[in-house]
$ cat target_39.cif   # mmCIF, C-alpha atoms (C1' of nucleotides) and all ligand atoms
data_final
loop_
_atom_site.label_atom_id
_atom_site.label_comp_id
_atom_site.auth_asym_id
_atom_site.auth_seq_id
_atom_site.Cartn_x
_atom_site.Cartn_y
_atom_site.Cartn_z
CA MET A 1 246.62 73.11 -14.17
CA LEU A 2 246.96 73.09 -10.42
CA ARG A 3 249.71 75.57 -10.95
CA LEU A 4 251.42 77.43 -8.18
CA SER A 5 252.15 81.08 -8.62
CA LYS A 6 255.30 82.33 -10.24
CA LEU A 7 256.13 84.26 -7.11
CA THR A 8 256.38 80.97 -5.25
CA ASP A 9 258.84 79.68 -7.79
CA TYR A 10 260.91 82.80 -7.37
CA ALA A 11 260.70 82.46 -3.63
CA VAL A 12 262.27 79.03 -3.79
CA VAL A 13 265.06 80.30 -6.00
CA VAL A 14 265.71 83.18 -3.67
CA MET A 15 265.65 81.02 -0.55
CA VAL A 16 268.05 78.51 -2.04
CA ARG A 17 270.33 81.36 -2.99
CA LEU A 18 270.19 82.65 0.56
CA GLY A 19 271.28 79.22 1.70
CA ARG A 20 274.69 79.58 0.15
CA GLY A 21 277.36 82.24 0.11
CA GLU A 22 277.27 85.10 2.55
CA ALA A 23 274.99 84.80 5.54
CA VAL A 24 273.50 88.22 4.92
CA GLN A 25 272.66 89.27 1.38
CA THR A 26 270.92 92.29 -0.07
CA SER A 27 268.04 91.99 -2.45
CA PRO A 28 269.86 93.65 -5.37
CA CYS A 29 272.70 91.20 -4.83
CA ILE A 30 270.32 88.25 -4.89
CA ALA A 31 268.62 89.65 -7.94
CA ALA A 32 271.92 89.85 -9.75
CA ALA A 33 272.88 86.35 -8.68
CA THR A 34 269.65 84.71 -9.68
CA GLY A 35 268.63 86.80 -12.63
CA VAL A 36 265.22 87.47 -11.18
CA PRO A 37 264.19 91.12 -11.68
CA GLU A 38 265.16 93.14 -8.64
CA PRO A 39 261.71 94.61 -7.79
CA THR A 40 260.29 91.12 -7.82
CA VAL A 41 263.04 89.81 -5.58
CA ALA A 42 262.36 92.62 -3.16
CA LYS A 43 258.67 91.84 -3.13
CA VAL A 44 259.28 88.16 -2.53
CA LEU A 45 261.70 88.84 0.29
CA LYS A 46 259.29 91.21 1.95
CA ILE A 47 256.64 88.52 1.94
CA LEU A 48 259.05 85.89 3.19
CA ALA A 49 260.17 88.21 5.96
CA ALA A 50 256.60 88.85 6.99
CA ALA A 51 256.09 85.10 7.16
CA GLY A 52 259.14 84.69 9.35
CA LEU A 53 261.05 82.57 6.89
CA VAL A 54 263.86 85.08 6.54
CA ALA A 55 265.12 87.75 8.88
CA SER A 56 265.85 91.26 7.69
CA HIS A 57 268.31 93.84 8.81
CA ARG A 58 267.82 97.42 7.76
CA GLY A 59 270.21 100.21 7.06
CA ALA A 60 273.59 100.11 5.38
CA ARG A 61 275.25 96.71 5.64
CA GLY A 62 271.73 95.33 5.95
CA GLY A 63 270.09 92.57 4.03
CA TYR A 64 268.38 89.26 4.55
CA ARG A 65 269.42 85.97 6.09
CA LEU A 66 267.78 82.62 6.62
CA VAL A 67 266.09 81.98 9.93
CA ARG A 68 266.09 78.21 9.53
CA PRO A 69 268.51 76.15 7.46
CA LEU A 70 267.28 74.95 4.10
CA ASP A 71 266.73 71.42 5.28
CA ALA A 72 264.32 72.67 7.92
CA VAL A 73 262.05 74.52 5.54
CA PRO A 74 259.43 72.39 3.82
CA ILE A 75 258.13 73.81 0.57
CA ALA A 76 254.70 73.80 2.09
CA ASP A 77 255.89 76.74 4.16
CA ILE A 78 256.98 78.66 1.11
CA ILE A 79 253.72 78.04 -0.68
CA ALA A 80 251.75 78.99 2.39
CA ALA A 81 253.75 82.20 2.73
CA ILE A 82 253.28 83.33 -0.86
CA ASP A 83 250.00 81.84 -2.00
CA GLY A 84 248.32 81.64 1.36
CA PRO A 85 247.28 78.47 3.11
CA ILE A 86 246.89 75.43 0.93
CA ALA A 87 243.20 75.12 0.22
CA LEU A 88 242.10 73.25 -2.86
CA THR A 89 238.60 74.57 -2.51
CA ALA A 90 237.01 77.42 -0.62
CA CYS A 91 235.44 75.14 1.93
CA VAL A 92 238.48 73.25 3.09
CA ASP A 93 239.06 73.11 6.80
CA GLY A 94 235.96 75.00 7.71
CA GLY A 95 236.81 78.05 5.68
CA THR A 96 234.22 80.12 3.88
CA SER A 97 232.29 77.55 1.93
CA CYS A 98 230.44 77.87 -1.31
CA GLU A 99 227.20 79.77 -1.54
CA ALA A 100 224.63 77.38 -0.11
CA GLN A 101 226.67 76.30 2.86
CA GLY A 102 225.36 73.39 4.84
CA LEU A 103 223.71 71.83 1.85
CA CYS A 104 226.62 71.25 -0.44
CA PRO A 105 227.20 67.57 -1.19
CA MET A 106 230.93 68.10 -1.21
CA ARG A 107 230.92 69.62 2.25
CA GLY A 108 234.21 68.59 3.80
CA ARG A 109 234.87 66.00 1.17
CA TRP A 110 237.99 67.70 -0.09
CA ASP A 111 239.58 67.91 3.31
CA PRO A 112 241.37 64.54 3.16
CA VAL A 113 242.61 65.32 -0.32
CA ASN A 114 243.94 68.58 0.98
CA ARG A 115 245.68 66.77 3.83
CA ALA A 116 247.30 64.37 1.43
CA ILE A 117 248.76 67.22 -0.56
CA GLU A 118 249.84 69.09 2.52
CA ALA A 119 251.59 65.97 3.73
CA ALA A 120 253.34 65.51 0.42
CA LEU A 121 254.47 69.12 0.45
CA ALA A 122 255.55 69.04 4.05
CA GLY A 123 257.82 66.10 3.37
CA ILE A 124 260.04 67.90 0.90
CA THR A 125 262.42 70.59 2.07
CA LEU A 126 264.25 73.30 0.21
CA ALA A 127 267.42 71.33 0.72
CA ASP A 128 265.88 68.52 -1.28
CA MET A 129 265.28 70.91 -4.12
CA ALA A 130 268.71 72.45 -3.96
CA ASP A 131 270.53 69.15 -3.80
CA PRO A 132 269.35 66.05 -5.63
CA GLY A 133 269.91 63.80 -2.65
CA LEU A 134 266.33 62.74 -2.88
CA SER A 135 264.82 61.00 0.05
CA PHE A 136 261.35 60.58 -1.37
CA ALA A 137 259.84 58.50 -4.13
CA ALA A 138 260.08 59.02 -7.85
CA PRO A 139 263.72 58.95 -8.90
CA VAL A 140 264.26 62.05 -10.89
CA GLU A 141 266.28 62.05 -14.05
CA ALA A 142 266.96 65.70 -13.47
CA ALA A 143 269.79 64.45 -11.30
CA ALA A 144 271.54 63.58 -14.54
CA LEU A 145 271.81 67.14 -15.69
CA GLY A 146 273.71 68.64 -12.80
CA PRO A 147 274.65 66.55 -9.73
CA LEU A 148 275.51 69.16 -7.20
CA ALA A 149 276.05 71.91 -9.66
CA LEU A 150 273.47 74.60 -9.08
CA PRO A 151 275.96 77.45 -9.21
CA LEU A 152 273.09 79.90 -9.28
CA PRO A 153 274.78 82.55 -11.30
CA ALA A 154 272.30 81.42 -13.90
CA LEU A 155 269.69 83.72 -15.28
CA HIS A 156 265.99 83.36 -15.15
CA VAL A 157 265.27 86.06 -17.63
CA ALA A 158 267.69 86.49 -20.45
CA GLU A 159 270.27 89.22 -20.74
CA MET B 1 246.30 79.24 -2.69
CA LEU B 2 247.05 76.20 -4.75
CA ARG B 3 243.39 76.20 -5.54
CA LEU B 4 241.83 73.98 -8.12
CA SER B 5 239.23 75.41 -10.44
CA LYS B 6 235.57 75.50 -9.57
CA LEU B 7 234.81 73.47 -12.65
CA THR B 8 236.81 70.62 -11.18
CA ASP B 9 234.76 70.76 -8.05
CA TYR B 10 231.60 70.62 -10.12
CA ALA B 11 233.00 67.75 -12.11
CA VAL B 12 233.44 65.68 -8.98
CA VAL B 13 229.91 66.43 -7.88
CA VAL B 14 228.57 65.47 -11.27
CA MET B 15 230.62 62.29 -11.48
CA VAL B 16 229.51 61.17 -8.04
CA ARG B 17 225.95 61.84 -9.02
CA LEU B 18 226.42 59.73 -12.14
CA GLY B 19 227.61 56.95 -9.92
CA ARG B 20 224.24 56.51 -8.33
CA GLY B 21 220.69 56.23 -9.61
CA GLU B 22 220.01 55.56 -13.25
CA ALA B 23 222.86 54.35 -15.37
CA VAL B 24 222.13 56.93 -18.04
CA GLN B 25 221.26 60.46 -17.01
CA THR B 26 220.72 63.65 -18.95
CA SER B 27 222.52 66.82 -18.10
CA PRO B 28 219.36 68.76 -17.12
CA CYS B 29 218.48 65.91 -14.81
CA ILE B 30 221.90 66.02 -13.19
CA ALA B 31 221.68 69.77 -12.91
CA ALA B 32 218.38 69.48 -11.09
CA ALA B 33 219.71 66.80 -8.80
CA THR B 34 222.89 68.60 -7.86
CA GLY B 35 221.79 72.19 -8.00
CA VAL B 36 224.61 73.15 -10.28
CA PRO B 37 223.44 75.49 -13.05
CA GLU B 38 222.49 73.49 -16.10
CA PRO B 39 224.78 75.20 -18.65
CA THR B 40 227.71 74.57 -16.37
CA VAL B 41 226.80 70.94 -15.93
CA ALA B 42 226.58 70.57 -19.69
CA LYS B 43 229.98 72.14 -20.11
CA VAL B 44 231.55 69.92 -17.51
CA LEU B 45 230.03 66.80 -18.99
CA LYS B 46 231.26 67.73 -22.43
CA ILE B 47 234.77 68.06 -21.11
CA LEU B 48 234.54 64.81 -19.19
CA ALA B 49 233.21 63.07 -22.27
CA ALA B 50 236.09 64.39 -24.34
CA ALA B 51 238.46 63.02 -21.73
CA GLY B 52 236.82 59.62 -21.88
CA LEU B 53 235.66 59.65 -18.29
CA VAL B 54 232.00 59.46 -19.23
CA ALA B 55 230.28 58.08 -22.30
CA SER B 56 227.57 60.01 -24.07
CA HIS B 57 224.59 58.92 -26.08
CA ARG B 58 222.87 61.39 -28.31
CA GLY B 59 219.27 61.81 -29.32
CA ALA B 60 216.11 61.27 -27.39
CA ARG B 61 216.55 58.87 -24.48
CA GLY B 62 220.21 59.86 -24.56
CA GLY B 63 222.41 61.09 -21.78
CA TYR B 64 225.66 60.27 -20.02
CA ARG B 65 226.92 57.26 -18.14
CA LEU B 66 230.11 56.38 -16.34
CA VAL B 67 232.75 54.50 -18.25
CA ARG B 68 234.55 53.28 -15.15
CA PRO B 69 233.04 52.79 -11.71
CA LEU B 70 233.70 55.49 -9.14
CA ASP B 71 236.30 53.45 -7.30
CA ALA B 72 238.35 53.20 -10.47
CA VAL B 73 238.57 56.93 -11.10
CA PRO B 74 241.30 58.72 -9.18
CA ILE B 75 240.69 62.41 -8.69
CA ALA B 76 243.91 63.05 -10.52
CA ASP B 77 242.02 62.05 -13.66
CA ILE B 78 239.30 64.58 -13.03
CA ILE B 79 241.75 67.35 -12.39
CA ALA B 80 243.73 66.43 -15.46
CA ALA B 81 240.57 66.43 -17.55
CA ILE B 82 239.36 69.85 -16.43
CA ASP B 83 242.44 71.79 -15.53
CA GLY B 84 244.86 70.06 -17.84
CA PRO B 85 247.82 67.98 -16.75
CA ILE B 86 249.08 68.58 -13.25
CA ALA B 87 252.04 70.88 -13.60
CA LEU B 88 253.05 73.03 -10.67
CA THR B 89 255.34 75.09 -12.85
CA ALA B 90 255.66 75.61 -16.57
CA CYS B 91 258.82 73.56 -16.81
CA VAL B 92 257.63 70.35 -15.19
CA ASP B 93 258.21 67.19 -17.10
CA GLY B 94 260.01 68.86 -19.95
CA GLY B 95 257.19 71.19 -20.82
CA THR B 96 257.72 74.70 -22.05
CA SER B 97 260.11 76.12 -19.51
CA CYS B 98 260.53 79.64 -18.33
CA GLU B 99 262.12 82.28 -20.51
CA ALA B 100 265.83 81.53 -20.29
CA GLN B 101 265.55 77.79 -20.69
CA GLY B 102 268.65 75.77 -20.00
CA LEU B 103 270.00 78.28 -17.54
CA CYS B 104 267.31 78.29 -14.92
CA PRO B 105 268.55 77.10 -11.53
CA MET B 106 265.22 75.41 -10.86
CA ARG B 107 265.38 73.41 -14.07
CA GLY B 108 263.66 70.13 -13.30
CA ARG B 109 263.75 70.73 -9.58
CA TRP B 110 260.00 70.78 -9.27
CA ASP B 111 259.53 67.46 -11.00
CA PRO B 112 259.78 65.31 -7.86
CA VAL B 113 257.42 67.63 -6.04
CA ASN B 114 255.00 67.28 -8.88
CA ARG B 115 255.32 63.49 -8.74
CA ALA B 116 254.56 63.53 -5.05
CA ILE B 117 251.36 65.44 -5.62
CA GLU B 118 250.37 63.30 -8.55
CA ALA B 119 250.88 60.23 -6.42
CA ALA B 120 248.77 61.68 -3.63
CA LEU B 121 246.01 62.53 -6.06
CA ALA B 122 246.19 59.21 -7.86
CA GLY B 123 245.69 57.37 -4.60
CA ILE B 124 242.27 58.82 -3.88
CA THR B 125 239.30 57.78 -5.98
CA LEU B 126 235.90 59.33 -6.42
CA ALA B 127 234.48 56.51 -4.36
CA ASP B 128 236.63 57.70 -1.48
CA MET B 129 235.07 61.13 -1.78
CA ALA B 130 231.54 59.85 -2.10
CA ASP B 131 231.83 57.47 0.78
CA PRO B 132 233.88 58.19 3.86
CA GLY B 133 235.35 54.71 3.99
CA LEU B 134 238.75 56.30 3.96
CA SER B 135 241.71 54.17 3.17
CA PHE B 136 244.32 56.90 3.43
CA ALA B 137 245.77 58.94 6.22
CA ALA B 138 244.21 61.85 8.09
CA PRO B 139 240.95 60.69 9.62
CA VAL B 140 238.36 63.17 8.59
CA GLU B 141 235.84 64.49 11.02
CA ALA B 142 233.55 65.15 8.10
CA ALA B 143 232.58 61.52 8.49
CA ALA B 144 230.63 62.65 11.51
CA LEU B 145 228.23 64.79 9.55
CA GLY B 146 226.81 62.25 7.15
CA PRO B 147 228.00 58.64 7.09
CA LEU B 148 226.72 57.35 3.80
CA ALA B 149 224.13 60.02 3.36
CA LEU B 150 225.07 62.14 0.37
CA PRO B 151 221.56 62.23 -1.04
CA LEU B 152 222.68 64.81 -3.58
CA PRO B 153 219.40 66.63 -3.92
CA ALA B 154 221.28 69.39 -2.20
CA LEU B 155 221.91 72.70 -3.81
CA HIS B 156 225.20 74.31 -4.61
CA VAL B 157 223.75 77.68 -5.39
CA ALA B 158 220.86 78.82 -3.32
CA GLU B 159 217.26 79.29 -4.47
"C1'" DG C 1 209.10 63.96 -39.42
"C1'" DA C 2 209.23 65.87 -34.81
"C1'" DA C 3 211.29 66.07 -30.57
"C1'" DA C 4 215.00 65.29 -27.49
"C1'" DT C 5 219.60 65.41 -26.46
"C1'" DC C 6 224.56 66.00 -27.09
"C1'" DA C 7 228.72 68.58 -29.70
"C1'" DG C 8 231.30 72.37 -30.36
"C1'" DG C 9 232.44 76.69 -30.16
"C1'" DA C 10 231.84 81.93 -29.57
"C1'" DC C 11 231.27 85.32 -26.39
"C1'" DC C 12 232.05 88.61 -22.43
"C1'" DG C 13 232.52 90.21 -17.55
"C1'" DT C 14 235.28 89.49 -13.51
"C1'" DT C 15 239.01 88.26 -10.93
"C1'" DG C 16 243.33 87.47 -9.44
"C1'" DC C 17 248.17 87.65 -10.63
"C1'" DG C 18 252.54 89.60 -12.21
"C1'" DG C 19 255.18 93.38 -12.30
"C1'" DT C 20 256.57 98.11 -11.38
"C1'" DC C 21 257.10 102.23 -8.82
"C1'" DC C 22 257.06 105.52 -4.97
"C1'" DC C 23 257.93 107.38 -0.45
"C1'" DC C 24 259.12 106.55 4.26
"C1'" DT C 25 261.84 104.48 8.04
"C1'" DT C 26 266.05 102.57 9.85
"C1'" DA C 27 270.81 101.69 10.42
"C1'" DT C 28 275.72 102.18 9.19
"C1'" DC C 29 279.70 104.98 7.85
"C1'" DC C 30 282.37 109.10 7.17
"C1'" DG D 1 275.50 114.67 12.77
"C1'" DG D 2 274.82 114.24 7.94
"C1'" DA D 3 275.06 111.35 3.90
"C1'" DT D 4 274.11 107.01 2.22
"C1'" DA D 5 272.58 102.31 1.87
"C1'" DA D 6 269.32 99.32 2.61
"C1'" DG D 7 264.48 97.41 3.85
"C1'" DG D 8 259.04 98.40 4.83
"C1'" DG D 9 254.75 99.10 3.16
"C1'" DG D 10 251.99 100.14 0.18
"C1'" DA D 11 249.45 101.81 -4.38
"C1'" DC D 12 248.96 101.13 -8.97
"C1'" DC D 13 247.87 99.13 -13.60
"C1'" DG D 14 247.73 95.75 -17.58
"C1'" DC D 15 246.90 91.22 -18.76
"C1'" DA D 16 245.56 86.62 -19.03
"C1'" DA D 17 242.88 82.97 -17.30
"C1'" DC D 18 238.62 81.52 -15.49
"C1'" DG D 19 233.54 81.20 -14.79
"C1'" DG D 20 229.38 81.40 -16.86
"C1'" DT D 21 226.09 81.87 -20.68
"C1'" DC D 22 224.30 81.20 -25.17
"C1'" DC D 23 223.69 79.74 -29.97
"C1'" DT D 24 223.83 76.77 -33.84
"C1'" DG D 25 224.36 72.29 -35.67
"C1'" DA D 26 224.53 67.03 -35.58
"C1'" DT D 27 222.45 62.71 -34.05
"C1'" DT D 28 219.23 59.43 -32.29
"C1'" DT D 29 214.57 57.85 -30.79
"C1'" DC D 30 209.57 57.69 -31.19
S1 LIG E 201 232.20 72.82 -2.51
FE1 LIG E 201 232.74 73.05 -0.40
S2 LIG E 201 230.88 73.77 0.51
FE2 LIG E 201 230.35 73.53 -1.62
S1 LIG E 202 261.39 77.62 -13.34
FE1 LIG E 202 261.44 75.87 -14.60
S2 LIG E 202 262.81 76.43 -16.19
FE2 LIG E 202 262.79 78.19 -14.88
#
$ encode --input "target_39.cif" --output "structure tokens"
Amino acid sequence: MLRLSKLTDYAVVVMVRLGRGEAVQTSPCIAAATGVPEPTVAKVLKILAAAGLVASHRGARGGYRLVRPLDAVPIADIIAAIDGPIALTACVDGGTSCEAQGLCPMRGRWDPVNRAIEAALAGITLADMADPGLSFAAPVEAAALGPLALPLPALHVAE
Amino acid sequence: MLRLSKLTDYAVVVMVRLGRGEAVQTSPCIAAATGVPEPTVAKVLKILAAAGLVASHRGARGGYRLVRPLDAVPIADIIAAIDGPIALTACVDGGTSCEAQGLCPMRGRWDPVNRAIEAALAGITLADMADPGLSFAAPVEAAALGPLALPLPALHVAE
DNA sequence: GAAATCAGGACCGTTGCGGTCCCCTTATCC
DNA sequence: GGATAAGGGGACCGCAACGGTCCTGATTTC
């Protein structure tokens, strides 16, 4: 279903959370605020830190903070950080192609499709997802269910 | 990596093959022409037939033919036929949402992203992939390695 | 009636993903 | 300087989805 991984979804939630409130937040704190299980939050933050999307500070009084503001982080970056580079097929962009390389009829054919998706994903920032002030196509009715609400004390998993 | 399934890749190959040569072709014939294993071709064609993208004719002298010409089939249709509807997350478009429905901070937030991708995928047809007469952005250097060639006797798997 | 061809589903091995846990390093605070 | 609070970097395992194959039946032509 052309689905992106759950971790990516969590990453967006976590990043948006980091974009509000205290500048530096600990992973247990974020877990409590978002309802995402703490070990998972920690894992996500570690990956995001490795990708340079968040900065970490160790020791007591440590935690994570955003490196760039939300409106400067396209979701493409998040997806690339968690799921790896966007590559619809194995052979996109000269990567390791399918078995009989050099003979495949689809050689390079997916590249433009990949570009189109990358472009679409690069044009939407985390700020767009946090705040329904949409600047792209497709008016979303989701705006009707919570204008600027997003209080983020909400829970992902119950209890 | 936001990867689409291999079956989808095969489906495109098969569809493009159906777009040239005889109007009606059998699945073993297509398998031989494309190099894709015959059982897999048969499976793909069955799915495509169920989705109404190809028409089948049973019995001797039977086979498959395209319902619409290649330039009238956006890749979004292929992906939807094989991988199911395009849904980045479980909760897109009112589908079954994540566990604690109604409380999730990302509720509906992915919808516009999904629309953007759908739009990108709806704007590229199989004809665009078969023939590098690109009408969309991102000039592809793949055009340099085979203008209109695509003879399709090539093999996907070796041997 | 025989042969060709699709229809539909069952089947299983592999892979990647989701999720959890552990131990070590680093920095603050008393 | 020691205790404590936090992140760093993995290893680990169960599960579900996917890829790939095969079999049995229904349909059409010759
Ligand atoms: S599908 Fe890309 S090289 Fe075969
Ligand atoms: S991520 Fe869509 S409802 Fe939670």
$ atom_distance --input "target_39.cif" --atom1 "atom FE1 of ligand LIG 201 (chain E)" --atom2 "CA of Ala130 in chain B"
13.4 Å
$ atom_distance --input "target_39.cif" --atom1 "C1' of DA3 in chain D" --atom2 "CA of Ile30 in chain A"
25.2 Å
$ interface_residues --input "target_39.cif" --of "chain C" --to "chain A" --cutoff "6 Å" --atoms "all atoms listed in the file" --output "list in words"
DT26, DA27 and DT28 of chain C
$ closest_residue --input "target_39.cif" --among "A:Leu4, A:Leu126, A:Cys29, A:Ile78" --to "ligand LIG 202 (chain E)" --atoms "all atoms listed in the file"
A:Leu4
$ interface_residues --input "target_39.cif" --of "chain D" --to "chain A" --cutoff "12 Å" --atoms "all atoms listed in the file" --output "list of chain:residue names"
D:DA3, D:DT4, D:DA5, D:DA6, D:DG7, D:DG8, D:DG9, D:DG10, D:DA17, D:DC18
$ closest_residue --input "target_39.cif" --among "A:Arg65, A:Arg3, A:Arg20, A:Arg107" --to "chain B" --atoms "all atoms listed in the file"
A:Arg3
$ atom_distance --input "target_39.cif" --atom1 "CA of Val67 in chain B" --atom2 "CA of Ala55 in chain B"
5.9 Å
$ closest_residue --input "target_39.cif" --among "A:Val36, A:Ala87, A:Met1, A:Leu18" --to "ligand LIG 202 (chain E)" --atoms "all atoms listed in the file"
A:Val36
$ residues_near_point --input "target_39.cif" --point "(228.6, 81.5, -24.7)" --cutoff "9 Å" --atoms "only C-alpha atoms (C1' of nucleotides)" --output "list in words"
DG9, DA10, DC11 and DC12 of chain C; DG20, DT21, DC22 and DC23 of chain D
$ closest_residue --input "target_39.cif" --among "B:Val24, B:Ala51, B:Ala127, B:Val13" --to "chain A" --atoms "all atoms listed in the file"
B:Val13
$ residues_near_point --input "target_39.cif" --point "(241.0, 74.0, -3.9)" --cutoff "10 Å" --atoms "all atoms listed in the file" --output "number ranges by chain"
A: 2, 86-92, 110-111, 113-114; B: 1-6, 8-9
$ closest_residue --input "target_39.cif" --among "A:Gly21, A:Arg68, A:Thr34, A:Val73" --to "chain B" --atoms "only C-alpha atoms"
A:Thr34
$ closest_residue --input "target_39.cif" --among "B:Gly19, B:Gly108, B:Gly84, B:Pro74" --to "ligand LIG 202 (chain E)" --atoms "all atoms listed in the file"
B:Gly108
